[in-house]
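Okay, start37.cif now, which holds mmCIF, C-alpha atoms:
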```cif
data_start
loop_
_atom_site.label_atom_id
_atom_site.label_comp_id
_atom_site.auth_asym_id
_atom_site.auth_seq_id
_atom_site.Cartn_x
_atom_site.Cartn_y
_atom_site.Cartn_z
CA MET A 1 31.44 22.44 4.75
CA SER A 2 30.39 23.58 1.29
CA ASP A 3 27.62 21.92 -0.73
CA SER A 4 30.11 20.45 -3.20
CA GLU A 5 32.17 18.91 -0.39
CA ARG A 6 29.03 17.51 1.19
CA ASP A 7 28.01 15.93 -2.13
CA GLU A 8 31.45 14.35 -2.49
CA ASN A 9 31.13 12.79 0.94
CA ARG A 10 27.85 11.19 -0.12
CA GLN A 11 29.43 9.39 -3.03
CA PRO A 12 30.02 5.66 -2.51
CA PRO A 13 33.44 4.06 -3.08
CA GLY A 14 34.50 4.32 -6.70
CA GLY A 15 32.99 7.78 -7.10
CA LYS A 16 29.74 6.43 -8.57
CA ARG A 17 26.65 8.22 -7.40
CA ARG A 18 23.40 6.43 -6.76
CA GLY A 19 20.59 6.81 -9.24
CA LYS A 20 18.02 9.49 -8.60
CA SER A 21 14.46 10.01 -9.70
CA CYS A 22 14.07 11.95 -12.88
CA LEU A 23 11.07 13.79 -11.47
CA ALA A 24 12.80 15.94 -8.87
CA PRO A 25 16.23 17.08 -7.69
CA GLU A 26 17.62 16.02 -4.35
CA LEU A 27 16.15 17.73 -1.32
CA GLY A 28 18.60 20.15 0.23
CA GLY A 29 20.05 18.93 3.49
CA SER A 30 18.18 15.63 3.32
CA GLY A 31 21.36 13.57 3.47
CA ALA A 32 22.20 10.28 1.90
CA ARG A 33 19.60 7.54 1.81
CA ARG A 34 20.73 4.57 3.83
CA VAL A 35 19.96 0.90 4.32
CA THR A 36 19.24 -0.05 7.92
CA THR A 37 20.73 -3.29 9.21
CA ARG A 38 19.53 -4.77 12.48
CA LYS A 39 21.56 -6.93 14.83
CA VAL A 40 19.00 -9.68 14.43
CA SER A 41 17.78 -9.79 10.84
CA ALA A 42 14.57 -11.72 10.47
CA SER A 43 15.20 -12.18 6.77
CA ALA A 44 18.70 -13.62 7.06
CA ARG A 45 19.28 -16.71 5.00
CA ARG A 46 18.43 -19.76 7.04
CA LYS A 47 21.07 -22.47 7.01
CA LYS A 48 19.67 -25.79 5.96
CA GLN A 49 20.81 -27.96 8.87
CA PRO A 50 19.11 -30.97 10.48
CA THR A 51 16.88 -29.53 13.13
CA GLN A 52 16.78 -30.98 16.62
CA LEU A 53 13.07 -30.37 16.90
CA THR A 54 10.83 -33.31 16.10
CA HIS A 55 8.00 -31.39 14.51
CA THR A 56 5.44 -32.76 12.13
CA SER A 57 5.63 -32.60 8.36
CA PRO A 58 4.88 -29.32 6.51
CA ASP A 59 1.41 -30.54 5.50
CA ASN A 60 0.53 -31.51 9.06
CA ARG A 61 2.09 -28.28 10.30
CA ARG A 62 -0.13 -26.23 8.02
CA LYS A 63 -3.14 -28.15 9.25
CA SER A 64 -2.04 -27.48 12.83
CA VAL A 65 -1.62 -23.77 12.08
CA ASP A 66 -5.15 -23.63 10.68
CA ASP A 67 -6.43 -25.38 13.79
CA LEU A 68 -4.66 -22.83 15.96
CA ARG A 69 -7.01 -20.15 14.74
CA GLU A 70 -9.64 -21.83 16.88
CA SER A 71 -7.44 -22.32 19.97
CA ASP A 72 -4.98 -20.32 22.04
CA ASP A 73 -1.97 -22.64 22.00
CA PHE A 74 -0.70 -26.10 21.21
CA GLU A 75 2.27 -28.31 21.99
CA SER A 76 4.58 -28.71 19.03
CA SER A 77 5.71 -32.29 19.76
CA GLU A 78 4.84 -35.09 22.16
CA ASP A 79 8.53 -36.04 22.35
CA GLU A 80 9.53 -32.60 23.59
CA PRO A 81 6.78 -31.32 25.89
CA SER A 82 9.01 -28.45 27.03
CA GLU A 83 9.26 -27.00 23.49
CA LYS A 84 6.06 -25.13 22.74
CA ILE A 85 4.78 -22.73 20.14
CA TYR A 86 2.11 -20.36 21.36
CA ILE A 87 -0.17 -18.44 19.09
CA SER A 88 -2.36 -15.96 20.91
CA LYS A 89 -5.12 -13.80 19.53
CA ARG A 90 -4.32 -10.18 20.18
CA LYS A 91 -7.28 -7.87 19.87
CA LYS A 92 -6.81 -4.87 17.66
CA GLY A 93 -8.91 -1.77 17.65
CA ALA A 94 -10.75 -0.41 14.63
CA GLY A 95 -8.40 -0.29 11.68
CA GLY A 96 -5.83 -2.60 13.32
CA ARG A 97 -2.92 -3.69 11.19
CA PHE A 98 -4.06 -7.27 10.52
CA VAL A 99 -7.83 -6.90 10.70
CA GLY A 100 -9.40 -8.16 7.47
CA ASP A 101 -9.71 -5.56 4.72
CA SER A 102 -11.57 -6.21 1.49
CA SER A 103 -9.48 -3.71 -0.44
CA SER A 104 -6.73 -6.22 -1.16
CA GLY A 105 -8.82 -9.21 -2.10
CA SER A 106 -8.31 -11.50 0.89
CA ASN A 107 -9.93 -14.90 0.41
CA ARG A 108 -10.61 -15.16 4.13
CA ARG A 109 -12.13 -12.48 6.31
CA PRO A 110 -10.89 -13.01 9.87
CA GLU A 111 -12.87 -11.65 12.74
CA GLU A 112 -11.52 -8.82 14.83
CA GLY A 113 -8.68 -10.11 16.97
CA ASP A 114 -7.89 -13.07 14.70
CA VAL A 115 -4.13 -12.47 14.59
CA TRP A 116 -1.32 -14.98 14.21
CA THR A 117 1.15 -14.23 17.01
CA VAL A 118 4.05 -16.57 17.65
CA THR A 119 5.86 -17.00 20.95
CA GLY A 120 8.84 -19.31 20.68
CA PRO A 121 10.94 -20.66 17.81
CA VAL A 122 9.16 -21.63 14.60
CA PRO A 123 10.28 -24.62 12.48
CA ASP A 124 12.04 -23.29 9.38
CA GLY A 125 11.20 -19.80 10.60
CA PRO A 126 12.48 -17.08 12.92
CA GLU A 127 14.05 -18.12 16.19
CA ASP A 128 13.48 -14.71 17.80
CA ASP A 129 9.72 -14.22 18.11
CA THR A 130 10.07 -10.55 19.10
CA VAL A 131 11.13 -9.42 15.63
CA ILE A 132 8.26 -10.71 13.47
CA PRO A 133 5.68 -12.18 15.89
CA SER A 134 3.05 -12.64 13.17
CA PHE A 135 5.20 -14.90 11.01
CA LEU A 136 2.71 -17.79 10.90
CA GLY A 137 0.23 -15.56 9.10
CA HIS A 138 2.81 -14.32 6.59
CA VAL A 139 3.06 -15.58 3.02
CA ALA A 140 6.66 -16.60 3.77
CA SER A 141 5.36 -19.22 6.18
CA ARG A 142 3.36 -20.82 3.39
CA LEU A 143 6.28 -20.61 1.00
CA TRP A 144 8.38 -22.58 3.48
CA ASP A 145 5.62 -25.21 3.41
CA GLY A 146 5.79 -25.35 -0.38
CA ALA A 147 2.52 -23.49 -1.05
CA ASP A 148 3.11 -20.78 -3.66
CA ARG A 149 0.16 -18.44 -4.07
CA GLY A 150 1.48 -17.06 -7.37
CA VAL A 151 1.43 -13.43 -8.45
CA LEU A 152 -0.92 -10.91 -6.89
CA LYS A 153 -3.73 -9.13 -8.65
CA CYS A 154 -2.44 -5.56 -8.80
CA GLN A 155 -4.94 -2.75 -9.18
CA THR A 156 -4.40 0.00 -11.75
CA ARG A 157 -6.71 2.66 -13.18
CA HIS A 158 -5.01 3.43 -16.49
CA GLY A 159 -8.34 3.52 -18.36
CA ALA A 160 -9.91 6.04 -15.99
CA LEU A 161 -6.72 8.10 -15.90
CA ARG A 162 -6.70 8.35 -19.68
CA LYS A 163 -10.21 9.84 -19.59
CA GLN A 164 -9.19 12.12 -16.75
CA ARG A 165 -6.26 13.49 -18.75
CA GLN A 166 -8.64 14.27 -21.60
CA TRP A 167 -10.98 15.94 -19.11
CA TYR A 168 -8.19 18.22 -17.88
CA GLU A 169 -7.05 19.15 -21.39
CA THR A 170 -10.57 20.21 -22.42
CA ALA A 171 -11.46 21.97 -19.15
CA SER A 172 -11.87 25.74 -18.94
CA GLU A 173 -9.02 27.94 -17.77
CA GLU A 174 -10.85 28.69 -14.53
CA VAL A 175 -11.09 24.99 -13.71
CA LYS A 176 -7.43 24.41 -14.62
CA VAL A 177 -6.32 27.21 -12.29
CA LEU A 178 -8.23 25.62 -9.40
CA ILE A 179 -6.84 22.16 -10.15
CA ASP A 180 -3.26 23.38 -10.54
CA GLY A 181 -3.45 25.10 -7.16
CA THR A 182 -3.92 21.74 -5.41
CA GLU A 183 -0.39 20.55 -6.36
CA LEU A 184 -1.98 17.24 -7.44
CA SER A 185 -2.76 18.06 -11.06
CA HIS A 186 0.25 16.14 -12.40
CA LEU A 187 -0.66 12.78 -10.82
CA PRO A 188 -2.85 11.38 -13.64
CA PHE A 189 -0.03 12.11 -16.08
CA ILE A 190 2.76 10.25 -14.26
CA MET A 191 1.06 6.99 -13.24
CA PHE A 192 2.32 3.83 -14.93
CA ASP A 193 -0.04 2.34 -17.51
CA HIS A 194 1.55 -1.07 -17.05
CA LEU A 195 2.88 -2.67 -13.86
CA ASP A 196 5.57 -5.30 -13.38
CA ILE A 197 3.27 -7.60 -11.43
CA PRO A 198 5.76 -10.46 -10.78
CA LEU A 199 8.28 -7.92 -9.46
CA LEU A 200 5.75 -6.29 -7.13
CA SER A 201 4.56 -9.70 -5.92
CA ALA A 202 8.14 -10.75 -5.11
CA PHE A 203 8.74 -7.62 -3.03
CA VAL A 204 5.47 -8.10 -1.14
CA GLU A 205 6.79 -11.48 -0.01
CA ARG A 206 9.73 -9.60 1.55
CA TRP A 207 7.53 -7.07 3.37
CA GLN A 208 7.10 -7.53 7.11
CA PRO A 209 4.23 -5.50 8.62
CA ASP A 210 5.66 -5.87 12.13
CA THR A 211 8.61 -3.66 11.14
CA ASN A 212 7.07 -1.92 8.08
CA SER A 213 10.13 -2.74 6.02
CA PHE A 214 11.39 -5.08 3.32
CA HIS A 215 13.56 -7.82 4.83
CA MET A 216 16.41 -8.48 2.43
CA PRO A 217 19.37 -10.85 2.75
CA PHE A 218 21.61 -7.84 3.41
CA GLY A 219 19.34 -6.00 5.86
CA GLU A 220 16.12 -4.00 5.86
CA MET A 221 14.84 -1.22 3.59
CA THR A 222 11.66 0.80 3.54
CA ILE A 223 9.94 3.57 1.61
CA THR A 224 10.25 6.97 3.29
CA LEU A 225 8.67 10.39 2.90
CA HIS A 226 11.91 11.43 1.22
CA ASP A 227 11.18 8.86 -1.51
CA VAL A 228 7.53 9.89 -1.83
CA TRP A 229 8.54 13.50 -2.42
CA HIS A 230 11.15 12.65 -5.04
CA ILE A 231 8.88 10.25 -6.93
CA LEU A 232 5.42 11.85 -6.72
CA ARG A 233 6.17 15.48 -5.81
CA ILE A 234 3.12 15.87 -3.58
CA PRO A 235 2.99 17.94 -0.35
CA VAL A 236 4.87 16.45 2.61
CA GLY A 237 4.09 19.01 5.30
CA GLY A 238 0.62 20.12 6.25
CA ALA A 239 -2.55 18.95 7.95
CA MET A 240 -3.04 15.27 8.64
CA VAL A 241 -5.71 13.29 6.78
CA SER A 242 -7.70 12.12 9.79
CA GLY A 243 -11.40 12.67 9.09
CA GLN A 244 -13.79 9.83 9.91
CA PRO A 245 -17.15 10.75 8.39
CA ASN A 246 -20.11 8.43 8.60
CA LYS A 247 -21.87 6.91 5.62
CA ALA A 248 -24.73 9.41 5.65
CA GLN A 249 -22.34 12.36 5.45
CA LEU A 250 -20.39 10.84 2.56
CA MET A 251 -23.55 10.04 0.61
CA ALA A 252 -24.80 13.60 1.13
CA TYR A 253 -21.58 15.05 -0.33
CA CYS A 254 -21.70 12.63 -3.25
CA VAL A 255 -25.22 13.77 -4.08
CA GLN A 256 -24.16 17.41 -3.83
CA ILE A 257 -21.14 17.02 -6.13
CA LEU A 258 -22.88 14.80 -8.69
CA GLY A 259 -25.92 17.09 -8.80
CA ILE A 260 -28.48 14.30 -8.49
CA SER A 261 -31.06 13.26 -5.91
CA PRO A 262 -30.34 10.62 -3.25
CA GLU A 263 -32.87 8.35 -4.95
CA ASP A 264 -31.11 8.61 -8.29
CA LEU A 265 -27.75 7.86 -6.67
CA VAL A 266 -28.78 4.45 -5.36
CA SER A 267 -31.38 3.62 -8.01
CA LYS A 268 -30.76 0.43 -9.97
CA MET A 269 -32.08 2.17 -13.07
CA THR A 270 -29.47 4.95 -13.14
CA LYS A 271 -26.63 2.73 -11.86
CA HIS A 272 -24.54 5.53 -10.38
CA PHE A 273 -23.75 3.67 -7.15
CA ALA A 274 -22.90 -0.01 -6.74
CA GLN A 275 -21.24 -2.15 -4.09
CA GLY A 276 -20.25 0.74 -1.88
CA GLY A 277 -18.75 2.97 -4.57
CA VAL A 278 -19.68 5.60 -7.15
CA LEU A 279 -19.08 4.59 -10.74
CA ILE A 280 -16.12 6.38 -12.31
CA GLU A 281 -18.05 6.82 -15.52
CA SER A 282 -20.87 8.54 -13.61
CA ILE A 283 -18.45 11.05 -12.04
CA ILE A 284 -17.00 11.92 -15.45
CA SER A 285 -20.34 12.16 -17.27
CA LEU A 286 -22.15 14.16 -14.56
CA CYS A 287 -19.34 16.54 -13.57
CA ARG A 288 -17.34 17.06 -16.74
CA HIS A 289 -18.19 20.48 -18.15
CA GLY A 290 -21.49 22.25 -17.66
CA ARG A 291 -21.02 22.59 -13.88
CA ILE A 292 -19.66 25.50 -11.90
CA ALA A 293 -15.85 25.59 -11.83
CA GLU A 294 -15.52 24.78 -8.11
CA VAL A 295 -17.69 21.65 -8.35
CA GLU A 296 -15.92 20.44 -11.47
CA ALA A 297 -12.53 20.88 -9.79
CA ILE A 298 -13.70 19.00 -6.69
CA ALA A 299 -14.91 16.10 -8.83
CA TRP A 300 -11.61 16.02 -10.73
CA ILE A 301 -9.56 15.90 -7.51
CA TRP A 302 -11.93 13.30 -6.04
CA LEU A 303 -11.28 11.10 -9.04
CA THR A 304 -7.53 11.78 -8.87
CA LEU A 305 -7.23 10.69 -5.25
CA GLY A 306 -9.18 7.50 -5.83
CA CYS A 307 -7.32 6.53 -9.02
CA THR A 308 -3.74 7.42 -8.07
CA LEU A 309 -2.89 7.64 -4.36
CA PHE A 310 -5.61 5.52 -2.73
CA THR A 311 -6.52 2.87 -5.26
CA GLU A 312 -8.39 -0.19 -4.09
CA LYS A 313 -9.98 -3.27 -5.60
CA SER A 314 -13.30 -1.56 -6.39
CA GLY A 315 -12.45 -1.64 -10.10
CA HIS A 316 -14.61 0.81 -12.02
CA ARG A 317 -15.89 2.46 -8.84
CA ILE A 318 -14.54 5.09 -6.42
CA ARG A 319 -15.21 4.95 -2.70
CA PRO A 320 -16.87 8.11 -1.35
CA ALA A 321 -14.28 8.43 1.46
CA THR A 322 -11.76 10.27 -0.71
CA ILE A 323 -14.16 13.17 -1.20
CA TRP A 324 -14.08 14.11 2.48
CA GLU A 325 -10.87 16.16 2.39
CA VAL A 326 -12.11 18.31 -0.51
CA ARG A 327 -15.72 18.66 0.58
CA ASP A 328 -15.34 22.41 1.22
CA GLY A 329 -13.46 23.15 -2.00
CA VAL A 330 -10.00 22.65 -3.44
CA THR A 331 -8.36 25.85 -2.22
CA ASP A 332 -6.96 24.19 0.92
CA THR A 333 -6.01 20.91 -0.73
CA SER A 334 -2.35 21.92 -1.04
CA THR A 335 -2.13 22.36 2.76
CA VAL A 336 -2.76 18.64 3.39
CA SER A 337 0.12 16.20 3.91
CA TRP A 338 -0.75 13.88 1.05
CA SER A 339 2.68 12.25 1.15
CA SER A 340 2.22 10.92 4.66
CA ALA A 341 -1.31 9.75 3.89
CA THR A 342 -0.15 7.99 0.73
CA LEU A 343 2.75 6.31 2.50
CA ALA A 344 0.63 5.18 5.45
CA TYR A 345 -2.01 3.77 3.09
CA LEU A 346 0.66 1.89 1.10
CA TYR A 347 2.18 0.49 4.31
CA ARG A 348 -1.25 -0.75 5.31
CA GLN A 349 -1.95 -2.39 1.95
CA LEU A 350 1.49 -4.03 1.84
CA GLY A 351 0.84 -5.48 5.30
CA ILE A 352 -2.52 -6.89 4.22
CA SER A 353 -1.10 -8.32 1.00
CA SER A 354 1.73 -10.00 2.91
CA ARG A 355 -0.81 -12.25 4.62
CA GLY A 356 -0.79 -15.76 3.18
CA ASP A 357 -4.51 -15.78 2.36
CA CYS A 358 -4.51 -12.50 0.38
CA SER A 359 -4.54 -12.44 -3.42
CA GLY A 360 -4.47 -8.73 -4.30
CA LEU A 361 -2.38 -5.58 -3.90
CA THR A 362 -3.65 -2.00 -3.86
CA GLY A 363 -2.32 1.45 -3.03
CA CYS A 364 -0.12 3.74 -5.10
CA LEU A 365 1.71 1.01 -7.02
CA THR A 366 3.49 3.54 -9.23
CA LEU A 367 5.23 4.73 -6.06
CA LEU A 368 6.20 1.18 -5.11
CA GLN A 369 7.43 0.19 -8.57
CA THR A 370 9.43 3.40 -9.04
CA TRP A 371 11.01 2.94 -5.62
CA ILE A 372 12.13 -0.56 -6.65
CA TYR A 373 13.60 0.81 -9.90
CA GLU A 374 15.41 3.51 -7.94
CA TYR A 375 17.13 1.28 -5.42
CA PHE A 376 17.41 -1.87 -7.55
CA PRO A 377 18.43 -0.70 -11.03
CA CYS A 378 18.85 -4.29 -12.23
CA PHE A 379 15.05 -4.59 -12.37
CA ARG A 380 14.54 -1.55 -14.58
CA PRO A 381 13.20 -2.23 -18.08
CA GLN A 382 15.78 -1.87 -20.79
#
```

How does the structure come out when it is put into structure tokens?
Amino acid sequence: MSDSERDENRQPPGGKRRGKSCLAPELGGSGARRVTTRKVSASARRKKQPTQLTHTSPDNRRKSVDDLRESDDFESSEDEPSEKIYISKRKKGAGGRFVGDSSSGSNRRPEEGDVWTVTGPVPDGPEDDTVIPSFLGHVASRLWDGADRGVLKCQTRHGALRKQRQWYETASEEVKVLIDGTELSHLPFIMFDHLDIPLLSAFVERWQPDTNSFHMPFGEMTITLHDVWHILRIPVGGAMVSGQPNKAQLMAYCVQILGISPEDLVSKMTKHFAQGGVLIESIISLCRHGRIAEVEAIAWIWLTLGCTLFTEKSGHRIRPATIWEVRDGVTDTSTVSWSSATLAYLYRQLGISSRGDCSGLTGCLTLLQTWIYEYFPCFRPQ
């Protein structure tokens, strides 16, 4: 089958093609992007019918759910002792999906293993507990109880990115060649300066971390590596981002790149380091021009990773962890699978933000917002 015939087969009824990102052509042989529909859709519209269960009111139910965090199970109704809802505490290892993470601004920091797991039907919730077993911890559970948490606090670094663009434009040709070779040099120039926060908050309410997908009335959708490539144009294949350095190693590399002593880094007088992160302004002032080309390029990529792909709620600071993959220089940066790392990090942050007690959203939000515009054109700005 020729390429033209294959393209014709991808067209939906009516001959109208789906919208594509303006940043890249379609990947050859990647096939049409599809929406997956499960036999049992956890996000199907629930019919408002009188329930046969004699459960307590929403306010008392919420109180009971909070009490469950201190116990293993409870009986849902004295009138129906055979109908029970069990919430067990599954222990997760380090970096487990629902373990508290400060990067998304959770108001409550649960201990390790504090997970809301449902076994049995939930009032006004899913009847099949195997699809989304953590429903009682989800923001949708609180919405059913009439508790609207409002819009999320979405993190953006448009101020730092503006300074970084100026840094690149005034850098020497040697530094530009090193930066361009990483295949990440375009990222500060394509990030959104403004985010549609209500739109992002609405989609977070549809995200289910148990399936890593958005549960829509018509089925499930998720962001794929195919989407990351088309939107961000960063490497898909390559080495996995898997390093786990300790704090001492990260601090040593920060000192080396910034060109200061360990005492100056943590000194309250110089104010280069605060609350677990290096000040963005310190990275720009200490590494912009006047340093050897390799060090300046490393600092620029360090800032790029922290302000575009792996943003968090640290505000005007950058966590030292993002420097680990470029600690030996930027020549091998293009051989790392940044797409998979970016997507995994966004999945993680969406899962955290979908918890009912979380108030913030981090990650590459330009990726998320562009994905929404791509598949839901009705939300695009005019």

Do you know which residues the PyMOL selection byres ((chain A and resi 312) around 8) returns on this file, as a short mmCIF file (atom, residue, chain, number, x, y, z; two decimals) with C-alpha atoms, in the frame of the given file?
```
data_model
loop_
_atom_site.label_atom_id
_atom_site.label_comp_id
_atom_site.auth_asym_id
_atom_site.auth_seq_id
_atom_site.Cartn_x
_atom_site.Cartn_y
_atom_site.Cartn_z
CA SER A 103 -9.48 -3.71 -0.44
CA SER A 104 -6.73 -6.22 -1.16
CA GLN A 155 -4.94 -2.75 -9.18
CA GLY A 306 -9.18 7.50 -5.83
CA PHE A 310 -5.61 5.52 -2.73
CA THR A 311 -6.52 2.87 -5.26
CA LYS A 313 -9.98 -3.27 -5.60
CA SER A 314 -13.30 -1.56 -6.39
CA GLY A 315 -12.45 -1.64 -10.10
CA THR A 362 -3.65 -2.00 -3.86
CA GLY A 363 -2.32 1.45 -3.03
#
```

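One finds CA of Thr156 (chain A) at 20.8 Å from CA of Ser285 (chain A).
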
By how many Å are CA of Asp210 (chain A) and CA of Pro126 (chain A) apart?
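Taking CA of Asp210 (chain A) as the start and CA of Pro126 (chain A) as the end point, the length is 13.1 Å.
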
Interatomic distance, CA of Ile257 (chain A) to CA of His186 (chain A) (Å, one decimal):
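Computing the Euclidean distance for CA of Ile257 (chain A) and CA of His186 (chain A) yields 22.3 Å.
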
Kindly indicate which residue among A:Val177, A:Leu305, A:Ala341, A:Cys378 lies nearest to Ser242 (chain A), using only C-alpha atoms for the distances.
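Result for the nearest residue to Ser242 (chain A): A:Ala341.
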
Can you spell out as a short mmCIF file (atom, residue, chain, number, x, y, z; two decimals) with C-alpha atoms, in the coordinates of the input the set of residues that the PyMOL selection byres ((chain A and resi 279) around 12) selects in the structure I just provided?
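Once everything was written out, this is out_11.cif:
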```cif
data_model
loop_
_atom_site.label_atom_id
_atom_site.label_comp_id
_atom_site.auth_asym_id
_atom_site.auth_seq_id
_atom_site.Cartn_x
_atom_site.Cartn_y
_atom_site.Cartn_z
CA ALA A 160 -9.91 6.04 -15.99
CA CYS A 254 -21.70 12.63 -3.25
CA LEU A 258 -22.88 14.80 -8.69
CA LEU A 265 -27.75 7.86 -6.67
CA VAL A 266 -28.78 4.45 -5.36
CA THR A 270 -29.47 4.95 -13.14
CA LYS A 271 -26.63 2.73 -11.86
CA HIS A 272 -24.54 5.53 -10.38
CA PHE A 273 -23.75 3.67 -7.15
CA ALA A 274 -22.90 -0.01 -6.74
CA GLN A 275 -21.24 -2.15 -4.09
CA GLY A 276 -20.25 0.74 -1.88
CA GLY A 277 -18.75 2.97 -4.57
CA VAL A 278 -19.68 5.60 -7.15
CA ILE A 280 -16.12 6.38 -12.31
CA GLU A 281 -18.05 6.82 -15.52
CA SER A 282 -20.87 8.54 -13.61
CA ILE A 283 -18.45 11.05 -12.04
CA ILE A 284 -17.00 11.92 -15.45
CA SER A 285 -20.34 12.16 -17.27
CA LEU A 286 -22.15 14.16 -14.56
CA LEU A 303 -11.28 11.10 -9.04
CA GLY A 306 -9.18 7.50 -5.83
CA SER A 314 -13.30 -1.56 -6.39
CA GLY A 315 -12.45 -1.64 -10.10
CA HIS A 316 -14.61 0.81 -12.02
CA ARG A 317 -15.89 2.46 -8.84
CA ILE A 318 -14.54 5.09 -6.42
CA ARG A 319 -15.21 4.95 -2.70
CA PRO A 320 -16.87 8.11 -1.35
#
```

Let me know the residues the PyMOL selection byres ((chain A and resi 178) around 12) catches in the file above, as a VMD selection string.
chain A and resid 168 171 to 177 179 to 185 292 to 301 329 to 334

For Leu161 (chain A), which residue out of A:Ala140, A:Leu200, A:Leu350, A:Leu187 is the nearest one, using only C-alpha atoms?
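So, comparing all the options, the nearest one is A:Leu187.
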
Is it possible to get the residues within 12 Å of (15.3, -1.2, -5.7) (coordinates as in the file, counting all atoms listed in the file) written as a PyMOL selection string?
chain A and resi 18-21+35+199-200+202-203+214+216+220-223+227+367-380

Please return region 368-380 of chain A, rebuilt to N, CA, C and O atoms, as a compact mmCIF listing (two decimals), in the frame of the given file.
```txt
# COMPACT_ATOMS: atom_id res chain seq x y z
N LEU A 368 5.46 2.38 -5.49
CA LEU A 368 6.20 1.18 -5.11
C LEU A 368 7.12 0.72 -6.23
O LEU A 368 8.30 0.42 -6.00
N GLN A 369 6.62 0.68 -7.46
CA GLN A 369 7.43 0.19 -8.57
C GLN A 369 8.59 1.14 -8.87
O GLN A 369 9.71 0.70 -9.17
N THR A 370 8.35 2.43 -8.80
CA THR A 370 9.43 3.40 -9.04
C THR A 370 10.48 3.32 -7.95
O THR A 370 11.69 3.45 -8.24
N TRP A 371 10.05 3.10 -6.72
CA TRP A 371 11.01 2.94 -5.62
C TRP A 371 11.91 1.73 -5.87
O TRP A 371 13.12 1.77 -5.62
N ILE A 372 11.34 0.64 -6.35
CA ILE A 372 12.13 -0.56 -6.65
C ILE A 372 13.14 -0.25 -7.76
O ILE A 372 14.32 -0.62 -7.68
N TYR A 373 12.69 0.44 -8.81
CA TYR A 373 13.60 0.81 -9.90
C TYR A 373 14.72 1.71 -9.40
O TYR A 373 15.85 1.63 -9.90
N GLU A 374 14.42 2.57 -8.45
CA GLU A 374 15.41 3.51 -7.94
C GLU A 374 16.53 2.81 -7.17
O GLU A 374 17.71 3.10 -7.37
N TYR A 375 16.15 1.90 -6.29
CA TYR A 375 17.13 1.28 -5.42
C TYR A 375 17.65 -0.06 -5.96
O TYR A 375 18.66 -0.57 -5.45
N PHE A 376 16.97 -0.62 -6.94
CA PHE A 376 17.41 -1.87 -7.55
C PHE A 376 17.41 -1.69 -9.06
O PHE A 376 16.49 -2.16 -9.76
N PRO A 377 18.41 -1.00 -9.60
CA PRO A 377 18.43 -0.70 -11.03
C PRO A 377 18.42 -1.92 -11.93
O PRO A 377 18.03 -1.83 -13.10
N CYS A 378 18.82 -3.08 -11.39
CA CYS A 378 18.85 -4.29 -12.23
C CYS A 378 17.45 -4.71 -12.67
O CYS A 378 17.32 -5.46 -13.64
N PHE A 379 16.41 -4.23 -12.01
CA PHE A 379 15.05 -4.59 -12.37
C PHE A 379 14.41 -3.60 -13.33
O PHE A 379 13.26 -3.80 -13.75
N ARG A 380 15.11 -2.54 -13.67
CA ARG A 380 14.54 -1.55 -14.58
C ARG A 380 14.38 -2.13 -15.98
O ARG A 380 15.21 -2.92 -16.41
```
